[in-house]
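Working notes, beginning with the structure itself.
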Amino acid sequence: MSKVVVMDHPLIKHKIGIMRRKNTSTKEFRDLVSEVAMLICYEATRELPLTDIEIETPLVKTIAQEIEGKKLCIVPILRAGLHMADGILNLIPNAKVGHIGLYRNEETLEPVEYFCKLPVDASEREIFVVDPMLATGGSASAAITLLKEKGISKIHFLCLIAAPEGVKRLSQAHPDVDIFIGSLDERLNEHGYILPGLGDAGDRIYGTK
Ligand code: PRP
Ligand code: URA
């Protein structure tokens with residue numbers, strides 16, 4: 001089964017608490033998506049392999065460490081994943097970025113794909129798929145299936161809020177994918193929204209409702 005890591009850092013809890021409030025402004029919400037994504041990324045990259053390299057400080061030669069190969073790629077699921085990717089790029093500015101466009105059919109709740117553009121060497125990279133919400137798990141599972149069909153195997157999934165139903169579906173579909181979660185919430189409602197959740201992440205980021 002997938003490794004599932006739920007964040008317990010006070011900064012993440014505090015910031016997600018602000019995001020949940022219905023009166024939080026679009027700008028503040030958008031900024032918090034980036035900030036929390038950055039904090040989750042800090043945890044999700046903890047096991048990246050390092051290589052020793054010789055460098056010179058102003059005083060002496062010494063051995064420093066750098067992330068092996070710098071072969072990282074962030075893949076936001078459109079739309080709402082875009083602002084998570086922006087936050088993560090502050091930490092990993094050399095990462096490449098791929099995009100997967102999916103939306104949930106509001107009746108079936110199943111994902112519909114409309115866009116996929118990845119770096120040409122994506123299959124050689126360690127991939128971080130990002131989407132603020134893991135609800136039924138349909139979108140994340142479909143996005144990762146798409147990546148695997150393109151020969152990509154080293155995949156991690158990062159989200160801000162998850163429902164237990166989504167974690168179960170994703171880890172059953174892709175047991176090799178680690179899942180990093182800002183907050184594991186209680187359940188889905190009858191419309192597939194996470195409770196207590198924060199509402200529709202895309203609409204809150206872009207002010208579309
Ligand atoms: C939201 C969210 C996820 C998906 C999660 O996107 O950003 O992609 O729903 O739901 P699931 O786990 O049940 O698949 P939405 O389909 O609303 O599209 P949007 O980002 O364009 O608003
Ligand atoms: N997508 C969202 O944006 N929010 C939810 O609660 C569920 C799916």
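If you're wondering about the labels, chains in the structure tokens are A, B, ... by order shown, residues count from 1 in each chain, ligands from 1 in order shown.
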
Q: Assign secondary structure with DSSP using the backbone only, and return the residues of stretch 67-190 of chain A in helix (DSSP H, G or I) as a PyMOL selection string.
A: chain A and resi 68-70+81-91+122-124+138-149+164-173

Q | Contact residues around A:Ile179 with only C-alpha atoms at 9 Å, ignoring same-chain residues under 6 positions, as number ranges by chain | A | A: 2-6, 44, 156-159, 167, 170-171

Grab the residues selected above and save them as a CSV table (one decimal), in the first residue's frame with N, CA and C atoms.
chain,number,residue,atom,x,y,z
A,2,SER,N,0.3,2.3,-0.4
A,2,SER,CA,1.0,3.6,-0.5
A,2,SER,C,1.5,4.0,0.9
A,3,LYS,N,2.6,4.7,0.9
A,3,LYS,CA,3.0,5.4,2.2
A,3,LYS,C,2.1,6.7,2.2
A,4,VAL,N,1.4,6.9,3.4
A,4,VAL,CA,0.5,8.0,3.5
A,4,VAL,C,1.1,8.9,4.6
A,5,VAL,N,1.4,10.1,4.3
A,5,VAL,CA,2.0,11.0,5.4
A,5,VAL,C,1.0,12.2,5.6
A,6,VAL,N,0.5,12.4,6.8
A,6,VAL,CA,-0.4,13.5,7.1
A,6,VAL,C,0.4,14.5,7.9
A,44,ALA,N,7.8,16.2,1.6
A,44,ALA,CA,7.7,15.2,0.5
A,44,ALA,C,9.1,15.0,-0.2
A,156,HIS,N,5.0,10.8,-6.8
A,156,HIS,CA,4.5,11.2,-5.5
A,156,HIS,C,3.3,12.1,-5.7
A,157,PHE,N,2.3,12.0,-4.7
A,157,PHE,CA,1.1,12.9,-4.9
A,157,PHE,C,1.0,13.8,-3.6
A,158,LEU,N,0.8,15.1,-3.9
A,158,LEU,CA,0.7,16.0,-2.8
A,158,LEU,C,-0.7,16.7,-2.8
A,159,CYS,N,-1.3,16.8,-1.7
A,159,CYS,CA,-2.6,17.6,-1.7
A,159,CYS,C,-2.7,18.3,-0.4
A,167,VAL,N,-8.2,8.8,-0.3
A,167,VAL,CA,-6.9,8.1,0.0
A,167,VAL,C,-7.0,6.6,-0.3
A,170,LEU,N,-7.0,6.0,-4.2
A,170,LEU,CA,-5.7,6.3,-4.8
A,170,LEU,C,-4.7,5.3,-4.4
A,171,SER,N,-4.7,4.9,-3.1
A,171,SER,CA,-3.7,3.9,-2.7
A,171,SER,C,-3.9,2.5,-3.2

(Q) Show me which residues line ligand 2, defined as having an atom within 9 Å of a ligand atom where only C-alpha atoms and all ligand atoms count, and present them as a list in words. (A)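 These are the residues that qualify: Ala80, Arg104, Leu109, Pro132, Met133, Leu134, Ala135, Thr136, Ile161, Ala162, Ala163, Leu188, Asn189, His191, Gly192, Tyr193, Ile194, Leu195, Pro196, Gly197, Leu198, Gly199, Asp200, Ala201, Gly202, Asp203 and Arg204 of chain A.
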
Q: Could you pull out the residues in stretch 9-112 of chain A that DSSP calls strand (DSSP E) from the backbone, as a ChimeraX atom specification?
A: /A:50-56,61-67,72-78,96-97,99-104,111-112

Can I get the selection written as a compact mmCIF listing (two decimals), in the first residue's frame, with N, CA, C and O atoms?
# COMPACT_ATOMS: atom_id res chain seq x y z
N LEU A 50 21.00 12.42 -2.31
CA LEU A 50 22.00 13.48 -2.40
C LEU A 50 23.31 12.92 -2.95
O LEU A 50 23.63 11.75 -2.74
N THR A 51 24.06 13.77 -3.63
CA THR A 51 25.40 13.37 -4.10
C THR A 51 26.41 14.34 -3.48
O THR A 51 26.14 15.53 -3.37
N ASP A 52 27.58 13.81 -3.14
CA ASP A 52 28.67 14.67 -2.65
C ASP A 52 29.34 15.36 -3.83
O ASP A 52 29.60 14.72 -4.86
N ILE A 53 29.62 16.66 -3.66
CA ILE A 53 30.43 17.35 -4.68
C ILE A 53 31.48 18.22 -3.97
O ILE A 53 31.23 18.72 -2.88
N GLU A 54 32.63 18.37 -4.65
CA GLU A 54 33.66 19.23 -4.05
C GLU A 54 33.39 20.67 -4.46
O GLU A 54 33.13 20.95 -5.63
N ILE A 55 33.43 21.57 -3.49
CA ILE A 55 33.25 23.00 -3.77
C ILE A 55 34.34 23.78 -3.05
O ILE A 55 35.08 23.22 -2.23
N GLU A 56 34.45 25.06 -3.36
CA GLU A 56 35.39 25.92 -2.62
C GLU A 56 34.62 27.01 -1.91
O GLU A 56 33.85 27.75 -2.55
N LYS A 61 38.66 24.25 0.36
CA LYS A 61 37.85 23.29 -0.39
C LYS A 61 37.08 22.43 0.62
O LYS A 61 37.60 22.12 1.69
N THR A 62 35.88 22.04 0.25
CA THR A 62 35.11 21.16 1.15
C THR A 62 34.14 20.33 0.31
O THR A 62 34.01 20.54 -0.89
N ILE A 63 33.50 19.39 0.98
CA ILE A 63 32.49 18.57 0.30
C ILE A 63 31.11 19.10 0.67
O ILE A 63 30.78 19.23 1.85
N ALA A 64 30.33 19.44 -0.35
CA ALA A 64 28.92 19.83 -0.12
C ALA A 64 28.04 18.74 -0.72
O ALA A 64 28.54 17.82 -1.37
N GLN A 65 26.76 18.87 -0.48
CA GLN A 65 25.84 17.87 -1.04
C GLN A 65 24.81 18.56 -1.92
O GLN A 65 24.37 19.68 -1.62
N GLU A 66 24.46 17.92 -3.01
CA GLU A 66 23.39 18.47 -3.85
C GLU A 66 22.42 17.36 -4.26
O GLU A 66 22.77 16.18 -4.23
N ILE A 67 21.23 17.78 -4.63
CA ILE A 67 20.21 16.80 -5.02
C ILE A 67 20.65 16.15 -6.32
O ILE A 67 20.97 16.85 -7.29
N LEU A 72 13.84 16.69 -11.29
CA LEU A 72 12.52 16.73 -10.67
C LEU A 72 11.51 17.34 -11.64
O LEU A 72 11.86 18.14 -12.50
N CYS A 73 10.26 16.96 -11.46
CA CYS A 73 9.20 17.53 -12.31
C CYS A 73 7.93 17.66 -11.48
O CYS A 73 7.53 16.71 -10.79
N ILE A 74 7.32 18.83 -11.53
CA ILE A 74 6.05 19.06 -10.82
C ILE A 74 4.93 18.96 -11.86
O ILE A 74 5.04 19.55 -12.94
N VAL A 75 3.89 18.20 -11.51
CA VAL A 75 2.76 18.06 -12.45
C VAL A 75 1.48 18.50 -11.75
O VAL A 75 0.86 17.72 -11.01
N PRO A 76 1.07 19.77 -11.93
CA PRO A 76 -0.22 20.19 -11.37
C PRO A 76 -1.38 19.63 -12.18
O PRO A 76 -1.32 19.55 -13.41
N ILE A 77 -2.44 19.24 -11.46
CA ILE A 77 -3.70 18.90 -12.13
C ILE A 77 -4.49 20.21 -12.24
O ILE A 77 -4.76 20.87 -11.22
N LEU A 78 -4.83 20.59 -13.47
CA LEU A 78 -5.53 21.86 -13.71
C LEU A 78 -6.97 21.74 -13.21
O LEU A 78 -7.54 20.65 -13.28
N LYS A 96 11.23 20.97 -13.72
CA LYS A 96 10.41 21.14 -14.92
C LYS A 96 8.93 21.03 -14.49
O LYS A 96 8.64 20.50 -13.41
N VAL A 97 8.05 21.51 -15.34
CA VAL A 97 6.61 21.46 -14.99
C VAL A 97 5.83 20.83 -16.15
O VAL A 97 6.00 21.23 -17.30
N HIS A 99 1.72 19.54 -17.25
CA HIS A 99 0.34 19.90 -16.88
C HIS A 99 -0.62 18.80 -17.31
O HIS A 99 -0.51 18.28 -18.43
N ILE A 100 -1.55 18.48 -16.42
CA ILE A 100 -2.62 17.56 -16.78
C ILE A 100 -3.95 18.26 -16.51
O ILE A 100 -4.18 18.75 -15.40
N GLY A 101 -4.79 18.35 -17.54
CA GLY A 101 -6.10 18.99 -17.38
C GLY A 101 -7.17 17.94 -17.18
O GLY A 101 -7.37 17.07 -18.03
N LEU A 102 -7.84 18.02 -16.03
CA LEU A 102 -8.95 17.10 -15.71
C LEU A 102 -10.03 17.90 -15.01
O LEU A 102 -9.72 18.80 -14.24
N TYR A 103 -11.28 17.59 -15.28
CA TYR A 103 -12.34 18.14 -14.42
C TYR A 103 -13.30 17.01 -14.08
O TYR A 103 -13.37 16.01 -14.79
N ARG A 104 -13.99 17.19 -12.96
CA ARG A 104 -14.95 16.16 -12.55
C ARG A 104 -16.28 16.40 -13.23
O ARG A 104 -16.82 17.50 -13.16
N PRO A 111 -13.53 11.71 -13.52
CA PRO A 111 -12.71 12.73 -14.18
C PRO A 111 -12.79 12.67 -15.70
O PRO A 111 -12.92 11.59 -16.28
N VAL A 112 -12.72 13.84 -16.32
CA VAL A 112 -12.70 13.96 -17.78
C VAL A 112 -11.38 14.65 -18.14
O VAL A 112 -11.10 15.75 -17.66

(Q) Could you check the closest approach to A:Asp176 for each of A:Leu82, A:Val60, A:Met1, A:Ile88 and tell me which residue wins, using only C-alpha atoms? (A) A:Met1

I'd like the neighbourhood of stretch 16-24 of chain A as a PDB file with N, CA, C and O atoms, in the first residue's frame, where a residue qualifies if any of its atoms comes within 8 Å (using only C-alpha atoms), though same-chain residues fewer than 4 positions away should be ignored.
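The result, written out as result.pdb:
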ATOM      1  N   ILE A  12       1.262  24.529   9.178  1.00  0.00           N
ATOM      2  CA  ILE A  12       0.337  24.008   8.155  1.00  0.00           C
ATOM      3  C   ILE A  12      -1.088  24.001   8.709  1.00  0.00           C
ATOM      4  O   ILE A  12      -2.039  24.422   8.049  1.00  0.00           O
ATOM      5  N   GLU A  28      -6.015  36.037  -0.492  1.00  0.00           N
ATOM      6  CA  GLU A  28      -5.399  35.371   0.653  1.00  0.00           C
ATOM      7  C   GLU A  28      -5.427  33.853   0.465  1.00  0.00           C
ATOM      8  O   GLU A  28      -4.463  33.147   0.736  1.00  0.00           O
ATOM      9  N   PHE A  29      -6.547  33.358  -0.055  1.00  0.00           N
ATOM     10  CA  PHE A  29      -6.684  31.916  -0.282  1.00  0.00           C
ATOM     11  C   PHE A  29      -5.605  31.432  -1.262  1.00  0.00           C
ATOM     12  O   PHE A  29      -4.915  30.444  -1.021  1.00  0.00           O
ATOM     13  N   LEU A  32      -2.204  31.354   0.246  1.00  0.00           N
ATOM     14  CA  LEU A  32      -2.059  30.249   1.203  1.00  0.00           C
ATOM     15  C   LEU A  32      -1.896  28.906   0.493  1.00  0.00           C
ATOM     16  O   LEU A  32      -1.178  28.031   0.978  1.00  0.00           O
ATOM     17  N   VAL A  36       1.221  26.680   1.680  1.00  0.00           N
ATOM     18  CA  VAL A  36       1.049  25.345   2.280  1.00  0.00           C
ATOM     19  C   VAL A  36       1.670  24.285   1.369  1.00  0.00           C
ATOM     20  O   VAL A  36       2.279  23.323   1.841  1.00  0.00           O
ATOM     21  N   LEU A 160      -3.592  19.315  -0.357  1.00  0.00           N
ATOM     22  CA  LEU A 160      -3.788  20.097   0.874  1.00  0.00           C
ATOM     23  C   LEU A 160      -4.797  19.408   1.783  1.00  0.00           C
ATOM     24  O   LEU A 160      -4.608  19.326   2.986  1.00  0.00           O
ATOM     25  N   GLY A 182      -1.989  17.609   3.571  1.00  0.00           N
ATOM     26  CA  GLY A 182      -1.971  18.695   4.564  1.00  0.00           C
ATOM     27  C   GLY A 182      -2.908  18.391   5.716  1.00  0.00           C
ATOM     28  O   GLY A 182      -2.544  18.519   6.888  1.00  0.00           O
ATOM     29  N   SER A 183      -4.146  17.991   5.402  1.00  0.00           N
ATOM     30  CA  SER A 183      -5.117  17.628   6.440  1.00  0.00           C
ATOM     31  C   SER A 183      -5.986  16.482   5.934  1.00  0.00           C
ATOM     32  O   SER A 183      -6.508  16.540   4.823  1.00  0.00           O
ATOM     33  N   GLY A 197     -13.630  20.341   4.892  1.00  0.00           N
ATOM     34  CA  GLY A 197     -13.119  20.847   3.623  1.00  0.00           C
ATOM     35  C   GLY A 197     -12.920  22.344   3.572  1.00  0.00           C
ATOM     36  O   GLY A 197     -12.768  23.013   4.604  1.00  0.00           O
ATOM     37  N   LEU A 198     -12.940  22.853   2.350  1.00  0.00           N
ATOM     38  CA  LEU A 198     -12.822  24.304   2.153  1.00  0.00           C
ATOM     39  C   LEU A 198     -13.644  24.765   0.954  1.00  0.00           C
ATOM     40  O   LEU A 198     -13.468  25.875   0.471  1.00  0.00           O
ATOM     41  N   GLY A 199     -14.506  23.883   0.469  1.00  0.00           N
ATOM     42  CA  GLY A 199     -15.320  24.230  -0.693  1.00  0.00           C
ATOM     43  C   GLY A 199     -14.632  23.815  -1.979  1.00  0.00           C
ATOM     44  O   GLY A 199     -13.821  22.885  -1.991  1.00  0.00           O
TER      45      GLY A 199
END

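Contact shell of A:Lys148 at 12 Å (only C-alpha atoms; same-chain neighbours under 6 positions omitted): Ala122, Ser123, Ile127, Ser141, Ala142, Lys154, Ile155, Ala173, His174, Asp176 and Val177 of chain A.
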
Convert the current residue selection to file output with all heavy atoms, as a JSON list (two decimals), in the first residue's frame.
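Heads up, here's the output in again28.json:
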[["chain", "number", "residue", "atom", "x", "y", "z"],
["A", 122, "ALA", "N", 10.26, 13.35, -19.18],
["A", 122, "ALA", "CA", 9.52, 13.14, -17.93],
["A", 122, "ALA", "C", 9.75, 11.76, -17.33],
["A", 122, "ALA", "O", 9.81, 11.59, -16.11],
["A", 122, "ALA", "CB", 8.04, 13.37, -18.16],
["A", 123, "SER", "N", 9.94, 10.75, -18.19],
["A", 123, "SER", "CA", 10.07, 9.39, -17.66],
["A", 123, "SER", "C", 11.40, 9.20, -16.91],
["A", 123, "SER", "O", 11.56, 8.24, -16.18],
["A", 123, "SER", "CB", 9.93, 8.36, -18.77],
["A", 123, "SER", "OG", 10.94, 8.56, -19.71],
["A", 127, "ILE", "N", 8.60, 12.56, -10.16],
["A", 127, "ILE", "CA", 7.43, 13.40, -10.44],
["A", 127, "ILE", "C", 6.63, 13.69, -9.17],
["A", 127, "ILE", "O", 6.35, 12.78, -8.38],
["A", 127, "ILE", "CB", 6.48, 12.67, -11.43],
["A", 127, "ILE", "CG1", 7.24, 12.25, -12.70],
["A", 127, "ILE", "CG2", 5.26, 13.50, -11.75],
["A", 127, "ILE", "CD1", 7.46, 13.31, -13.72],
["A", 141, "SER", "N", -6.17, 9.53, -9.36],
["A", 141, "SER", "CA", -5.90, 8.19, -9.89],
["A", 141, "SER", "C", -5.78, 8.23, -11.42],
["A", 141, "SER", "O", -4.87, 7.62, -11.99],
["A", 141, "SER", "CB", -7.02, 7.21, -9.51],
["A", 141, "SER", "OG", -7.10, 7.11, -8.12],
["A", 142, "ALA", "N", -6.68, 8.99, -12.07],
["A", 142, "ALA", "CA", -6.64, 9.07, -13.53],
["A", 142, "ALA", "C", -5.37, 9.77, -14.00],
["A", 142, "ALA", "O", -4.74, 9.35, -14.98],
["A", 142, "ALA", "CB", -7.87, 9.80, -14.04],
["A", 154, "LYS", "N", 8.39, 7.02, -11.11],
["A", 154, "LYS", "CA", 8.70, 7.55, -9.77],
["A", 154, "LYS", "C", 7.74, 8.71, -9.47],
["A", 154, "LYS", "O", 7.97, 9.85, -9.87],
["A", 154, "LYS", "CB", 10.14, 8.04, -9.72],
["A", 154, "LYS", "CG", 11.15, 6.89, -9.66],
["A", 154, "LYS", "CD", 12.57, 7.40, -9.62],
["A", 154, "LYS", "CE", 13.02, 7.82, -10.99],
["A", 154, "LYS", "NZ", 14.36, 8.37, -11.09],
["A", 155, "ILE", "N", 6.64, 8.40, -8.80],
["A", 155, "ILE", "CA", 5.57, 9.40, -8.65],
["A", 155, "ILE", "C", 5.19, 9.57, -7.18],
["A", 155, "ILE", "O", 5.05, 8.60, -6.43],
["A", 155, "ILE", "CB", 4.32, 8.97, -9.45],
["A", 155, "ILE", "CG1", 4.68, 8.70, -10.92],
["A", 155, "ILE", "CG2", 3.22, 10.02, -9.35],
["A", 155, "ILE", "CD1", 3.56, 8.11, -11.77],
["A", 173, "ALA", "N", -5.42, 2.02, -6.20],
["A", 173, "ALA", "CA", -5.12, 2.09, -7.65],
["A", 173, "ALA", "C", -3.62, 2.16, -7.89],
["A", 173, "ALA", "O", -3.11, 1.61, -8.86],
["A", 173, "ALA", "CB", -5.81, 3.30, -8.26],
["A", 174, "HIS", "N", -2.91, 2.87, -7.00],
["A", 174, "HIS", "CA", -1.46, 3.11, -7.21],
["A", 174, "HIS", "C", -0.69, 2.91, -5.90],
["A", 174, "HIS", "O", -0.23, 3.89, -5.29],
["A", 174, "HIS", "CB", -1.25, 4.53, -7.75],
["A", 174, "HIS", "CG", -1.94, 4.79, -9.04],
["A", 174, "HIS", "ND1", -1.55, 4.18, -10.23],
["A", 174, "HIS", "CD2", -3.02, 5.55, -9.37],
["A", 174, "HIS", "CE1", -2.34, 4.57, -11.21],
["A", 174, "HIS", "NE2", -3.25, 5.39, -10.71],
["A", 176, "ASP", "N", 2.16, 2.06, -5.28],
["A", 176, "ASP", "CA", 3.57, 2.49, -5.33],
["A", 176, "ASP", "C", 3.73, 4.00, -5.18],
["A", 176, "ASP", "O", 4.87, 4.49, -5.15],
["A", 176, "ASP", "CB", 4.16, 2.06, -6.69],
["A", 176, "ASP", "CG", 3.31, 2.57, -7.86],
["A", 176, "ASP", "OD1", 2.06, 2.49, -7.79],
["A", 176, "ASP", "OD2", 3.89, 3.09, -8.83],
["A", 177, "VAL", "N", 2.65, 4.75, -5.11],
["A", 177, "VAL", "CA", 2.74, 6.22, -5.05],
["A", 177, "VAL", "C", 2.57, 6.69, -3.61],
["A", 177, "VAL", "O", 1.58, 6.37, -2.95],
["A", 177, "VAL", "CB", 1.64, 6.84, -5.95],
["A", 177, "VAL", "CG1", 1.57, 8.35, -5.77],
["A", 177, "VAL", "CG2", 1.91, 6.49, -7.42]]

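Of note, atom CA of A:Ile181 and atom CA of A:Asp121 are spaced 27.2 Å apart.
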
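Atom pair atom CA of A:Glu107 / atom 16 (O, counted along the ligand's line) of ligand 1: separated by 11.4 Å.
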
(Q) I'd like the contact shell of A:Glu35 - 7 Å cut-off, only C-alpha atoms, skipping same-chain residues fewer than 4 positions apart - returned as an MDAnalysis selection string. (A) chainID A and resid 31 39 87

I need the chosen residues saved as an mmCIF file, in the first residue's frame, with N, CA, C and O atoms.
data_model
loop_
_atom_site.group_PDB
_atom_site.id
_atom_site.type_symbol
_atom_site.label_atom_id
_atom_site.label_comp_id
_atom_site.auth_asym_id
_atom_site.auth_seq_id
_atom_site.Cartn_x
_atom_site.Cartn_y
_atom_site.Cartn_z
ATOM 1 N N ASP A 31 -2.729 32.827 -2.040
ATOM 2 C CA ASP A 31 -1.382 32.893 -1.449
ATOM 3 C C ASP A 31 -1.157 31.707 -0.503
ATOM 4 O O ASP A 31 -0.074 31.117 -0.467
ATOM 5 N N LEU A 39 5.277 24.110 2.100
ATOM 6 C CA LEU A 39 5.573 23.425 3.367
ATOM 7 C C LEU A 39 5.402 21.901 3.217
ATOM 8 O O LEU A 39 6.193 21.126 3.762
ATOM 9 N N GLY A 87 3.985 27.570 -5.690
ATOM 10 C CA GLY A 87 4.630 27.570 -4.374
ATOM 11 C C GLY A 87 5.849 26.668 -4.364
ATOM 12 O O GLY A 87 6.932 27.038 -3.875
#

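Remark: for ligand 1, the closest of the candidate residues A:Tyr114, A:Phe128, A:Phe180, A:Tyr42 is A:Tyr114 (distances computed over only C-alpha atoms and all ligand atoms).
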
**Q.** Between atom CA of A:Thr108 and atom 19 (P, counted along the ligand's line) of ligand 1 - distance in Å to one decimal
**A.**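 These two atoms are separated by 15.2 Å.
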